[in-house]
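Colleague: This is start-v8.txt, which holds compact mmCIF, C-alpha atoms and all ligand atoms:
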# COMPACT_ATOMS: atom_id res chain seq x y z
CA MET A 94 -8.54 2.61 -29.32
CA ALA A 95 -7.96 3.34 -25.65
CA LYS A 96 -5.91 0.78 -23.75
CA VAL A 97 -7.86 -1.24 -21.18
CA ALA A 98 -6.53 -1.80 -17.67
CA LEU A 99 -7.87 -3.99 -14.88
CA ILE A 100 -6.88 -3.17 -11.28
CA THR A 101 -7.41 -5.52 -8.34
CA GLY A 102 -7.33 -3.63 -5.02
CA VAL A 103 -8.70 -0.51 -6.74
CA THR A 104 -10.32 0.63 -3.46
CA GLY A 105 -6.94 0.67 -1.68
CA GLN A 106 -4.29 3.39 -1.45
CA ASP A 107 -2.33 2.42 -4.56
CA GLY A 108 -5.45 1.41 -6.48
CA ALA A 109 -6.87 4.91 -6.11
CA TYR A 110 -3.69 6.67 -7.27
CA LEU A 111 -3.17 4.21 -10.13
CA ALA A 112 -6.77 4.54 -11.36
CA GLU A 113 -6.34 8.34 -11.42
CA LEU A 114 -3.05 8.04 -13.30
CA LEU A 115 -4.38 5.64 -15.94
CA LEU A 116 -7.52 7.72 -16.50
CA ARG A 117 -5.28 10.77 -17.04
CA LYS A 118 -3.35 8.74 -19.60
CA GLY A 119 -6.56 7.99 -21.51
CA TYR A 120 -7.06 4.37 -20.41
CA GLU A 121 -10.39 2.65 -19.94
CA VAL A 122 -10.03 1.53 -16.33
CA HIS A 123 -11.80 -1.40 -14.70
CA GLY A 124 -11.47 -2.18 -11.02
CA ILE A 125 -12.39 -5.14 -8.83
CA LYS A 126 -14.06 -4.34 -5.54
CA ARG A 127 -15.21 -6.65 -2.78
CA ARG A 128 -18.74 -6.86 -1.51
CA SER A 129 -18.90 -5.15 1.87
CA SER A 130 -21.74 -4.24 4.22
CA LEU A 131 -20.55 -0.62 4.23
CA PHE A 132 -19.32 1.55 1.37
CA ASN A 133 -15.65 0.77 0.76
CA THR A 134 -15.05 3.12 -2.16
CA ASN A 135 -14.19 6.39 -0.33
CA ARG A 136 -10.79 6.63 -2.01
CA ILE A 137 -12.25 6.43 -5.52
CA ASP A 138 -15.67 8.04 -5.13
CA HIS A 139 -14.44 11.12 -7.02
CA LEU A 140 -13.82 8.87 -10.06
CA TYR A 141 -17.28 7.28 -9.96
CA GLN A 142 -19.28 7.42 -13.21
CA ASP A 143 -23.01 6.84 -13.45
CA PRO A 144 -23.61 3.40 -15.07
CA HIS A 145 -26.70 4.81 -16.81
CA ILE A 146 -24.56 7.11 -18.92
CA ALA A 147 -22.96 5.61 -22.03
CA GLY A 148 -19.22 5.81 -22.73
CA ARG A 149 -17.93 5.26 -19.20
CA ASN A 150 -14.17 4.83 -18.87
CA PHE A 151 -14.15 3.84 -15.18
CA VAL A 152 -16.07 0.68 -14.28
CA LEU A 153 -16.18 -1.36 -11.06
CA HIS A 154 -16.89 -5.11 -10.87
CA TYR A 155 -17.61 -7.23 -7.82
CA GLY A 156 -14.98 -9.93 -7.37
CA ASP A 157 -12.53 -11.45 -4.95
CA LEU A 158 -9.02 -12.85 -5.24
CA ALA A 159 -10.25 -15.90 -3.32
CA ASP A 160 -12.85 -16.61 -6.03
CA SER A 161 -11.48 -17.97 -9.34
CA THR A 162 -14.77 -17.86 -11.20
CA SER A 163 -15.27 -14.16 -10.50
CA LEU A 164 -11.75 -13.46 -11.76
CA ILE A 165 -12.18 -15.53 -14.93
CA ASN A 166 -15.52 -13.85 -15.65
CA ILE A 167 -14.15 -10.36 -15.18
CA VAL A 168 -10.98 -10.94 -17.22
CA GLN A 169 -13.08 -12.43 -20.03
CA LYS A 170 -15.54 -9.54 -19.98
CA VAL A 171 -12.95 -6.77 -19.73
CA GLN A 172 -10.27 -8.23 -22.09
CA PRO A 173 -7.57 -6.11 -20.42
CA ASP A 174 -4.31 -5.09 -22.08
CA GLU A 175 -2.81 -4.66 -18.61
CA ILE A 176 -3.64 -6.18 -15.23
CA TYR A 177 -2.32 -4.61 -12.03
CA ASN A 178 -2.64 -7.08 -9.14
CA LEU A 179 -2.69 -4.74 -6.15
CA GLY A 180 -5.35 -6.57 -4.14
CA ALA A 181 -4.11 -8.16 -0.91
CA GLN A 182 -4.57 -8.55 2.81
CA SER A 183 -1.73 -6.08 3.09
CA HIS A 184 -1.25 -5.68 6.85
CA VAL A 185 1.81 -7.54 8.14
CA ALA A 186 0.67 -7.67 11.81
CA VAL A 187 -2.82 -8.86 10.80
CA SER A 188 -1.25 -11.66 8.74
CA PHE A 189 -0.11 -13.27 12.02
CA GLU A 190 -3.79 -13.31 13.11
CA GLN A 191 -5.10 -14.51 9.72
CA PRO A 192 -2.25 -16.50 8.15
CA GLU A 193 -4.43 -18.87 6.12
CA TYR A 194 -6.62 -16.15 4.63
CA THR A 195 -3.53 -14.07 3.85
CA GLY A 196 -1.90 -17.05 2.13
CA ASN A 197 -5.03 -17.69 0.12
CA VAL A 198 -5.54 -14.13 -1.11
CA ASP A 199 -1.97 -12.83 -1.37
CA GLY A 200 -0.38 -16.07 -2.59
CA LEU A 201 -2.96 -18.17 -4.39
CA GLY A 202 -4.90 -15.07 -5.49
CA THR A 203 -1.98 -14.20 -7.76
CA LEU A 204 -1.99 -17.70 -9.23
CA ARG A 205 -5.75 -17.45 -9.85
CA LEU A 206 -5.31 -14.29 -11.89
CA LEU A 207 -2.38 -15.67 -13.89
CA GLU A 208 -4.41 -18.81 -14.58
CA ALA A 209 -7.40 -16.72 -15.67
CA ILE A 210 -5.17 -15.03 -18.27
CA ARG A 211 -3.80 -18.39 -19.42
CA ILE A 212 -7.11 -20.30 -19.48
CA LEU A 213 -8.68 -17.54 -21.56
CA GLY A 214 -5.78 -17.69 -24.04
CA MET A 215 -4.83 -14.09 -23.32
CA ASP A 216 -1.18 -14.68 -22.43
CA ALA A 217 0.06 -12.96 -25.59
CA LYS A 218 -2.20 -9.92 -25.12
CA THR A 219 -2.36 -9.19 -21.40
CA ARG A 220 0.54 -7.73 -19.44
CA PHE A 221 0.63 -8.50 -15.71
CA TYR A 222 1.98 -6.47 -12.78
CA GLN A 223 2.43 -8.12 -9.38
CA ALA A 224 2.59 -5.94 -6.25
CA SER A 225 5.65 -7.49 -4.64
CA THR A 226 7.21 -6.06 -1.54
CA SER A 227 10.38 -5.22 0.37
CA GLU A 228 8.96 -7.48 3.12
CA LEU A 229 10.36 -10.35 1.01
CA TYR A 230 13.84 -9.38 2.27
CA GLY A 231 12.71 -9.68 5.91
CA LEU A 232 15.82 -10.64 7.84
CA VAL A 233 18.06 -8.75 5.47
CA GLN A 234 21.03 -10.50 3.93
CA GLN A 235 22.60 -7.45 2.24
CA VAL A 236 22.43 -3.65 2.58
CA PRO A 237 21.03 -1.92 0.56
CA GLN A 238 18.63 -4.41 -1.02
CA THR A 239 18.67 -4.85 -4.79
CA GLU A 240 16.86 -7.11 -7.30
CA LYS A 241 19.55 -9.73 -6.55
CA THR A 242 19.40 -9.73 -2.73
CA PRO A 243 18.22 -13.10 -1.35
CA PHE A 244 14.78 -13.21 0.31
CA TYR A 245 14.10 -14.21 3.94
CA PRO A 246 10.41 -13.52 4.67
CA ARG A 247 9.43 -12.93 8.32
CA SER A 248 5.61 -13.02 8.37
CA PRO A 249 2.72 -15.01 6.87
CA TYR A 250 2.17 -11.93 4.65
CA ALA A 251 5.73 -12.00 3.34
CA VAL A 252 5.68 -15.78 2.84
CA ALA A 253 2.46 -15.47 0.81
CA LYS A 254 4.01 -12.66 -1.23
CA LEU A 255 7.07 -14.87 -1.82
CA TYR A 256 4.82 -17.42 -3.52
CA ALA A 257 3.22 -14.64 -5.56
CA TYR A 258 6.64 -13.32 -6.58
CA TRP A 259 7.88 -16.68 -7.82
CA ILE A 260 4.65 -17.75 -9.53
CA THR A 261 4.82 -14.49 -11.49
CA VAL A 262 8.43 -15.23 -12.53
CA ASN A 263 7.42 -18.82 -13.29
CA TYR A 264 4.56 -17.87 -15.62
CA ARG A 265 6.89 -15.46 -17.43
CA GLU A 266 9.47 -18.22 -17.95
CA ALA A 267 7.06 -21.12 -18.55
CA TYR A 268 4.51 -19.45 -20.82
CA GLY A 269 6.37 -16.40 -22.10
CA MET A 270 3.87 -14.07 -20.45
CA TYR A 271 4.70 -10.41 -19.93
CA ALA A 272 4.56 -10.66 -16.14
CA CYS A 273 6.68 -8.63 -13.76
CA ASN A 274 7.22 -7.89 -10.08
CA GLY A 275 7.59 -4.43 -8.61
CA ILE A 276 9.48 -4.93 -5.36
CA LEU A 277 8.15 -1.81 -3.72
CA PHE A 278 9.43 -0.44 -0.44
CA ASN A 279 6.97 1.25 1.94
CA HIS A 280 5.02 4.05 0.30
CA GLU A 281 2.58 6.30 2.07
CA SER A 282 0.18 9.19 1.45
CA PRO A 283 -2.88 10.84 2.96
CA LEU A 284 -4.79 7.84 1.51
CA ARG A 285 -2.75 5.33 3.55
CA GLY A 286 -4.83 2.97 5.72
CA GLU A 287 -5.16 4.32 9.28
CA THR A 288 -3.50 1.30 10.94
CA PHE A 289 -0.19 1.49 9.07
CA VAL A 290 2.38 3.24 11.21
CA THR A 291 2.88 6.51 9.28
CA ARG A 292 -0.83 7.28 8.97
CA LYS A 293 -1.47 6.15 12.53
CA ILE A 294 1.14 8.68 13.65
CA THR A 295 0.02 11.66 11.53
CA ARG A 296 -3.65 11.08 12.34
CA ALA A 297 -3.11 10.65 16.08
CA LEU A 298 -0.76 13.64 16.42
CA ALA A 299 -3.19 15.89 14.53
CA ARG A 300 -5.97 14.81 16.89
CA ILE A 301 -3.72 15.29 19.93
CA LYS A 302 -2.90 18.80 18.67
CA LEU A 303 -6.61 19.66 18.66
CA GLY A 304 -7.36 17.99 22.00
CA LEU A 305 -9.43 15.18 20.44
CA GLN A 306 -7.10 12.47 21.75
CA ASP A 307 -4.55 12.21 24.59
CA LYS A 308 -2.00 9.68 23.51
CA LEU A 309 -0.48 7.80 20.60
CA TYR A 310 0.45 4.18 21.38
CA LEU A 311 3.16 2.64 19.19
CA GLY A 312 5.16 -0.60 18.93
CA ASN A 313 8.75 -0.89 17.71
CA LEU A 314 10.18 2.65 17.47
CA ASP A 315 13.57 1.40 16.27
CA SER A 316 12.21 -0.13 13.10
CA LEU A 317 13.94 1.38 10.06
CA ARG A 318 12.05 1.89 6.81
CA ASP A 319 12.61 3.43 3.37
CA TRP A 320 9.46 5.53 2.92
CA GLY A 321 8.34 7.04 -0.39
CA HIS A 322 5.13 8.59 -1.75
CA ALA A 323 2.44 6.32 -3.25
CA ARG A 324 1.79 8.77 -6.11
CA ASP A 325 5.41 8.39 -7.28
CA TYR A 326 5.31 4.62 -6.93
CA VAL A 327 2.19 3.98 -9.04
CA GLU A 328 3.90 5.83 -11.91
CA MET A 329 6.58 3.13 -11.65
CA GLN A 330 3.99 0.35 -11.73
CA TRP A 331 2.75 1.72 -15.04
CA ARG A 332 6.26 2.20 -16.45
CA MET A 333 7.12 -1.42 -15.64
CA LEU A 334 4.39 -2.59 -18.02
CA GLN A 335 5.56 -0.31 -20.86
CA GLN A 336 9.00 -1.93 -21.41
CA GLU A 337 10.01 -4.16 -24.31
CA THR A 338 10.56 -7.14 -22.04
CA ALA A 339 9.21 -7.90 -18.60
CA GLU A 340 11.65 -7.52 -15.69
CA ASP A 341 11.47 -7.18 -11.92
CA PHE A 342 12.41 -3.88 -10.26
CA VAL A 343 13.17 -2.52 -6.80
CA ILE A 344 11.36 0.77 -6.17
CA ALA A 345 12.66 2.75 -3.20
CA THR A 346 14.10 6.14 -2.24
CA GLY A 347 17.44 4.83 -0.93
CA ILE A 348 16.95 6.77 2.33
CA GLN A 349 16.06 5.21 5.67
CA HIS A 350 14.48 6.55 8.87
CA SER A 351 13.24 5.01 12.13
CA VAL A 352 9.63 5.04 13.34
CA ARG A 353 10.84 7.30 16.18
CA GLU A 354 12.27 9.78 13.65
CA PHE A 355 9.09 9.74 11.57
CA THR A 356 7.10 10.51 14.75
CA THR A 357 9.44 13.39 15.62
CA PHE A 358 9.15 14.87 12.10
CA ALA A 359 5.34 14.59 12.08
CA ALA A 360 5.13 16.19 15.53
CA ARG A 361 7.43 19.03 14.45
CA ALA A 362 5.19 19.71 11.42
CA LEU A 363 2.43 20.31 13.99
CA ARG A 364 4.73 22.45 16.19
CA ILE A 365 4.91 19.74 18.85
CA GLU A 366 8.48 19.24 20.13
CA LEU A 367 8.91 15.71 21.49
CA GLU A 368 11.32 14.74 24.24
CA TRP A 369 11.93 11.00 24.22
CA ARG A 370 12.71 9.04 27.41
CA GLY A 371 13.31 5.31 27.74
CA ASN A 372 14.80 2.38 25.90
CA GLY A 373 12.38 1.28 23.17
CA VAL A 374 10.56 -1.22 25.41
CA GLU A 375 9.46 1.25 28.07
CA GLU A 376 9.61 4.51 26.21
CA THR A 377 7.53 7.69 26.16
CA ALA A 378 7.68 11.14 24.61
CA MET A 379 6.53 14.38 26.23
CA ASP A 380 5.47 17.53 24.43
CA GLN A 381 6.79 21.01 25.36
CA ASN A 382 4.03 21.35 27.98
CA GLY A 383 5.22 18.26 29.83
CA CYS A 384 2.29 16.07 28.69
CA THR A 385 3.10 12.48 27.74
CA VAL A 386 1.77 12.11 24.22
CA VAL A 387 3.55 9.01 22.87
CA VAL A 388 3.78 5.68 24.73
CA VAL A 389 5.26 2.36 23.64
CA ASP A 390 2.71 -0.43 23.98
CA PRO A 391 4.17 -3.95 23.53
CA ARG A 392 0.85 -5.13 22.08
CA TYR A 393 2.07 -3.61 18.81
CA PHE A 394 5.30 -5.64 18.81
CA ARG A 395 5.22 -8.37 16.16
CA PRO A 396 5.98 -12.09 16.72
CA ALA A 397 8.84 -11.66 14.22
CA GLU A 398 9.96 -8.18 13.20
CA VAL A 399 11.59 -6.79 10.08
CA GLU A 400 14.04 -4.43 11.76
CA THR A 401 15.57 -2.67 8.79
CA LEU A 402 14.83 -2.11 5.10
CA LEU A 403 16.74 0.08 2.68
CA GLY A 404 16.29 -0.19 -1.06
CA ASP A 405 18.73 0.45 -3.89
CA PRO A 406 16.61 1.78 -6.77
CA SER A 407 19.51 2.28 -9.24
CA TYR A 408 18.33 -0.35 -11.70
CA ALA A 409 14.87 1.25 -11.92
CA HIS A 410 16.50 4.68 -12.33
CA GLU A 411 18.58 3.34 -15.19
CA ARG A 412 15.95 1.27 -17.03
CA LEU A 413 12.73 3.13 -16.26
CA GLY A 414 14.21 6.62 -16.14
CA TRP A 415 12.75 7.47 -12.79
CA LYS A 416 13.52 9.31 -9.59
CA PRO A 417 11.08 9.90 -6.72
CA THR A 418 9.72 13.44 -6.73
CA VAL A 419 8.59 13.59 -3.09
CA LYS A 420 11.09 13.58 -0.22
CA LEU A 421 10.17 12.41 3.29
CA GLU A 422 9.75 16.01 4.48
CA GLY A 423 7.15 16.69 1.77
CA LEU A 424 5.39 13.39 2.45
CA VAL A 425 5.13 14.10 6.19
CA LYS A 426 3.85 17.62 5.51
CA GLU A 427 1.17 16.42 3.08
CA MET A 428 -0.02 13.68 5.46
CA VAL A 429 -0.06 15.94 8.51
CA GLU A 430 -1.97 18.69 6.67
CA ALA A 431 -4.62 16.25 5.45
CA ASP A 432 -5.06 14.74 8.92
CA LEU A 433 -5.22 18.16 10.56
CA LEU A 434 -8.02 19.13 8.19
CA ALA A 435 -9.91 15.91 9.03
CA ALA A 436 -9.36 16.50 12.76
CA GLU A 437 -10.67 20.06 12.44
CA ARG A 438 -13.86 18.68 10.88
CA ASP A 439 -14.23 16.16 13.74
CA GLN A 440 -13.66 18.93 16.26
CA LEU A 441 -16.41 21.03 14.68
CA VAL A 442 -18.83 18.12 14.95
CA LYS A 443 -17.78 17.46 18.54
CA GLU A 444 -18.13 21.07 19.65
CA HIS A 445 -21.27 22.02 17.73
CA GLY A 446 -22.94 18.63 17.69
CA TYR A 447 -23.66 18.42 14.01
CA GLY A 448 -22.02 17.46 10.76
CA VAL A 449 -22.76 17.48 7.08
CA TYR A 450 -23.70 14.01 5.92
CA GLU A 451 -23.71 12.99 2.29
CA TYR A 452 -26.07 10.34 1.04
CA HIS A 453 -24.90 8.14 -1.87
CA GLU A 454 -27.37 5.86 -3.58
P1 LIG A 501 -4.32 -1.41 0.78
O1 LIG A 501 -4.42 -2.27 1.97
O2 LIG A 501 -4.57 0.06 0.89
O3 LIG A 501 -5.31 -1.96 -0.35
C1 LIG A 501 -5.50 -3.34 -0.54
C2 LIG A 501 -6.60 -3.55 -1.56
O4 LIG A 501 -6.81 -4.95 -1.74
C3 LIG A 501 -7.96 -2.96 -1.13
O5 LIG A 501 -8.60 -2.46 -2.27
C4 LIG A 501 -8.68 -4.19 -0.61
O6 LIG A 501 -10.09 -4.07 -0.65
C5 LIG A 501 -8.19 -5.22 -1.61
N1 LIG A 501 -8.40 -6.58 -1.16
C6 LIG A 501 -8.17 -7.12 0.06
N2 LIG A 501 -8.51 -8.41 0.09
C7 LIG A 501 -9.00 -8.72 -1.15
C8 LIG A 501 -9.55 -9.87 -1.73
N3 LIG A 501 -9.71 -10.99 -1.04
N4 LIG A 501 -9.97 -9.82 -3.02
C9 LIG A 501 -9.85 -8.67 -3.73
N5 LIG A 501 -9.35 -7.53 -3.23
C10 LIG A 501 -8.92 -7.55 -1.95
O7 LIG A 501 -2.87 -1.68 0.15
P2 LIG A 501 -1.91 -0.68 -0.68
O8 LIG A 501 -2.72 0.06 -1.66
O9 LIG A 501 -1.03 0.03 0.27
O10 LIG A 501 -0.97 -1.73 -1.43
C11 LIG A 501 -1.31 -2.27 -2.70
C12 LIG A 501 -0.56 -3.57 -2.92
O11 LIG A 501 0.83 -3.35 -2.85
C13 LIG A 501 -0.86 -4.65 -1.88
O12 LIG A 501 -0.82 -5.89 -2.56
C14 LIG A 501 0.31 -4.55 -0.91
O13 LIG A 501 0.52 -5.81 -0.29
C15 LIG A 501 1.42 -4.17 -1.86
N6 LIG A 501 2.50 -3.39 -1.29
C16 LIG A 501 2.22 -2.23 -0.64
C17 LIG A 501 3.24 -1.42 -0.18
C18 LIG A 501 2.98 -0.15 0.55
O14 LIG A 501 3.91 0.36 1.19
N7 LIG A 501 1.79 0.43 0.46
C19 LIG A 501 4.67 -1.80 -0.41
C20 LIG A 501 4.82 -3.03 -1.16
C21 LIG A 501 3.78 -3.78 -1.58
P3 LIG A 501 -10.92 -3.35 0.54
O15 LIG A 501 -10.82 -1.88 0.26
O16 LIG A 501 -12.29 -3.90 0.34
O17 LIG A 501 -10.28 -3.74 1.82
P1 LIG A 502 5.01 -2.64 7.17
O1 LIG A 502 4.24 -1.30 7.54
O2 LIG A 502 4.84 -3.70 8.18
O3 LIG A 502 6.42 -2.23 6.85
O4 LIG A 502 4.23 -3.11 5.86
P2 LIG A 502 3.68 -0.73 8.92
O5 LIG A 502 3.47 0.71 8.69
O6 LIG A 502 2.54 -1.53 9.41
O7 LIG A 502 4.90 -0.96 9.93
C1 LIG A 502 6.17 -0.38 9.71
C2 LIG A 502 7.04 -0.60 10.93
O8 LIG A 502 6.52 0.18 12.01
C3 LIG A 502 6.51 -0.61 13.19
N1 LIG A 502 5.49 -0.10 14.12
C4 LIG A 502 4.16 -0.13 13.94
N2 LIG A 502 3.42 -0.56 12.90
C5 LIG A 502 2.07 -0.42 12.99
N3 LIG A 502 1.30 -0.80 11.95
N4 LIG A 502 1.46 0.10 14.11
C6 LIG A 502 2.18 0.53 15.17
O9 LIG A 502 1.62 0.99 16.15
C7 LIG A 502 3.60 0.43 15.08
N5 LIG A 502 4.61 0.78 15.91
C8 LIG A 502 5.74 0.47 15.31
C9 LIG A 502 6.20 -2.02 12.68
O10 LIG A 502 6.54 -2.98 13.67
C10 LIG A 502 7.06 -2.06 11.43
O11 LIG A 502 8.37 -2.42 11.74
C11 LIG A 502 3.85 -2.17 4.88
C12 LIG A 502 2.57 -2.71 4.21
O12 LIG A 502 2.06 -1.72 3.34
C13 LIG A 502 2.88 -3.96 3.41
O13 LIG A 502 1.72 -4.34 2.65
C14 LIG A 502 4.04 -3.67 2.46
O14 LIG A 502 4.38 -4.83 1.75
C15 LIG A 502 5.24 -3.16 3.23
O15 LIG A 502 4.86 -1.99 3.93
C16 LIG A 502 6.42 -2.80 2.32
Show me, as structure tokens, the structure contained in the file I just sent.
Modeller:
Amino acid sequence: MAKVALITGVTGQDGAYLAELLLRKGYEVHGIKRRSSLFNTNRIDHLYQDPHIAGRNFVLHYGDLADSTSLINIVQKVQPDEIYNLGAQSHVAVSFEQPEYTGNVDGLGTLRLLEAIRILGMDAKTRFYQASTSELYGLVQQVPQTEKTPFYPRSPYAVAKLYAYWITVNYREAYGMYACNGILFNHESPLRGETFVTRKITRALARIKLGLQDKLYLGNLDSLRDWGHARDYVEMQWRMLQQETAEDFVIATGIQHSVREFTTFAARALRIELEWRGNGVEETAMDQNGCTVVVVDPRYFRPAEVETLLGDPSYAHERLGWKPTVKLEGLVKEMVEADLLAAERDQLVKEHGYGVYEYHE
């Protein structure tokens, strides 16, 4: 019998890579998607299977982490061996605008799923993965950060994720559930949402290269992050649920770069050489033709910033037998190439006034 997995957040970056991975491993994969007035399944459309054909192994269900009854219904119907809770309002800056919603979905949403497992008496059968985050470290207390580093969250997002982290640990200890936290550092890909900094940079620079856009506006250039590839990191999510006992793991590359450096690398991959001038608050970068292409805009500064994150993944290396396969250079190249291709398509439409539209029923 194929193992059955349920993924919340299946329409997101990680959800798409994880669904692909589990399908390759022979799982029957179920995903929860939210009702939306527009299609929100672009990242997983290639996995879509016609519901009229018998024997599907990829099935989507409408649900929401804010809605207990939908979660209980889906868990009961699907009877999953593994649940991956990836669903979240995952944007740190947005969490300052929508703190209550973020707390509800990212914090209480996790409790709702754990309760669904418990109420349905599935605690002995169903293994649970919680998408925890390096944002928990916030104002860092120790460098590099390990599984033992104290937390100091710095945003409504991180505070909500702190609740989710501890309720996962609590259900493991209180009810003996196989429930674990992956404390994942930033991971990116061509599927990354367009408003996260890496994708914002690669997309904007590709469009600037083709003359579709003049400038890229950024916030804190001095921010330091430990960036890996999402494809590597979903492999770790799966491995965490295959151990004898549930444990929490830091997943990171152990290498740190600034937002300014990431921008320079992405520009270089497009043969744009940036010359930076300024002090972080009033700062710009010119290309080799003397055009200003990057400008700091304080609107992107956050009310409280996480200045530096650097993970120590040694415990995961030791216990899960893993090392990241993609280095930052490869990640930047893959993202830039994908965004250049998309920009070329937009340019074609702009210059020739037509595009090829696909209609999905
Ligand atoms: P994305 O923002 O790409 O995806 C988030 C997913 O959650 C989307 O499918 C979204 O649906 C869904 N979602 C949002 N709100 C709800 C809700 N109320 N009910 C159900 N589903 C909802 O995030 P990532 O794929 O990058 O990240 C996956 C998880 O890992 C998140 O929990 C994130 O907080 C966490 N994380 C991410 C890291 C990273 O660097 N990427 C690092 C550490 C943790 P829709 O498509 O409809 O918006
Ligand atoms: P982060 O990712 O907040 O680390 O959360 P993001 O890419 O949004 O920001 C990283 C750093 O870049 C700085 N920055 C900007 N950020 C954005 N979005 N837009 C800008 O214009 C900009 N300019 C500078 C930010 O201030 C920040 O310091 C991500 C999310 O995926 C979370 O869900 C996840 O938990 C963490 O990574 C680990």
Colleague: Could you tell me, counting only C-alpha atoms and all ligand atoms, which protein and nucleic acid residues lie no more than 7 Å from ligand LIG 502 (chain A), written as a ChimeraX atom specification?
Modeller: /A:183-186,226-228,277-279,288-291,293,310-314,316-318,352,393-395,398-400
Colleague: Report, as lines of an AutoDock Vina configuration file, the axis-aligned box around all atoms of ligand LIG 501 (chain A) present in the file, extended by 8 Å on each side; give centre and edge lengths in Å to one decimal place.
Modeller:
center_x = -3.7
center_y = -5.3
center_z = -0.9
size_x = 33.1
size_y = 27.4
size_z = 21.7
Colleague: Select the residues contacting ligand LIG 501 (chain A) at a distance of at most 6 Å, based on all atoms listed in the file, then format the selection as a list in words.
Modeller: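 Answer in the requested format: Thr101, Gly102, Val103, Thr104, Gly105, Gln106, Asp107, Gly108, Arg127, Asn133, Asp157, Leu158, Ala159, Leu179, Gly180, Ala181, Gln182, Ser183, Val198, Ala224, Ser225, Thr226, Leu277, Phe278, Asn279, His280 and Gly286 of chain A.
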Colleague: Taking only C-alpha atoms into account, name the residue in A:Arg265, A:Arg296, A:Arg149, A:Lys241 that is nearest to Asp439 of chain A.
Modeller: A:Arg296
Colleague: Taking all atoms listed in the file into account, name the residue in A:His322, A:His445, A:Arg370, A:Lys254 that is nearest to Gly196 of chain A.
Modeller: A:Lys254
Colleague: Would you kindly identify which residues have an atom no farther than 10 Å from (6.2, 11.9, -10.0), using all atoms listed in the file and the file's own coordinates, and write them out as a VMD selection string?
Modeller: chain A and resid 322 to 329 415 to 419
Colleague: Please indicate the distance in Å from atom CA of Asp432 of chain A to atom CA of Gly304 of chain A, rounded to one decimal place.
Modeller: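 Atom-to-atom, atom CA of Asp432 of chain A and atom CA of Gly304 of chain A are spaced 13.7 Å apart.
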Colleague: Rank A:Leu441, A:Leu298, A:Ile348, A:Leu433 by their smallest atom-to-atom distance to Asp380 of chain A, using all atoms listed in the file, and report the top residue only.
Modeller: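 Closest residue, counting all atoms listed in the file: A:Leu298.
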Colleague: Go through A:Arg438, A:Lys170, A:Lys218, A:Arg211 one by one, measure the shortest atom-to-atom distance of each to Ala267 of chain A using only C-alpha atoms, and give the residue with the smallest value.
Modeller: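 Closest to Ala267 of chain A of all the choices is A:Arg211.
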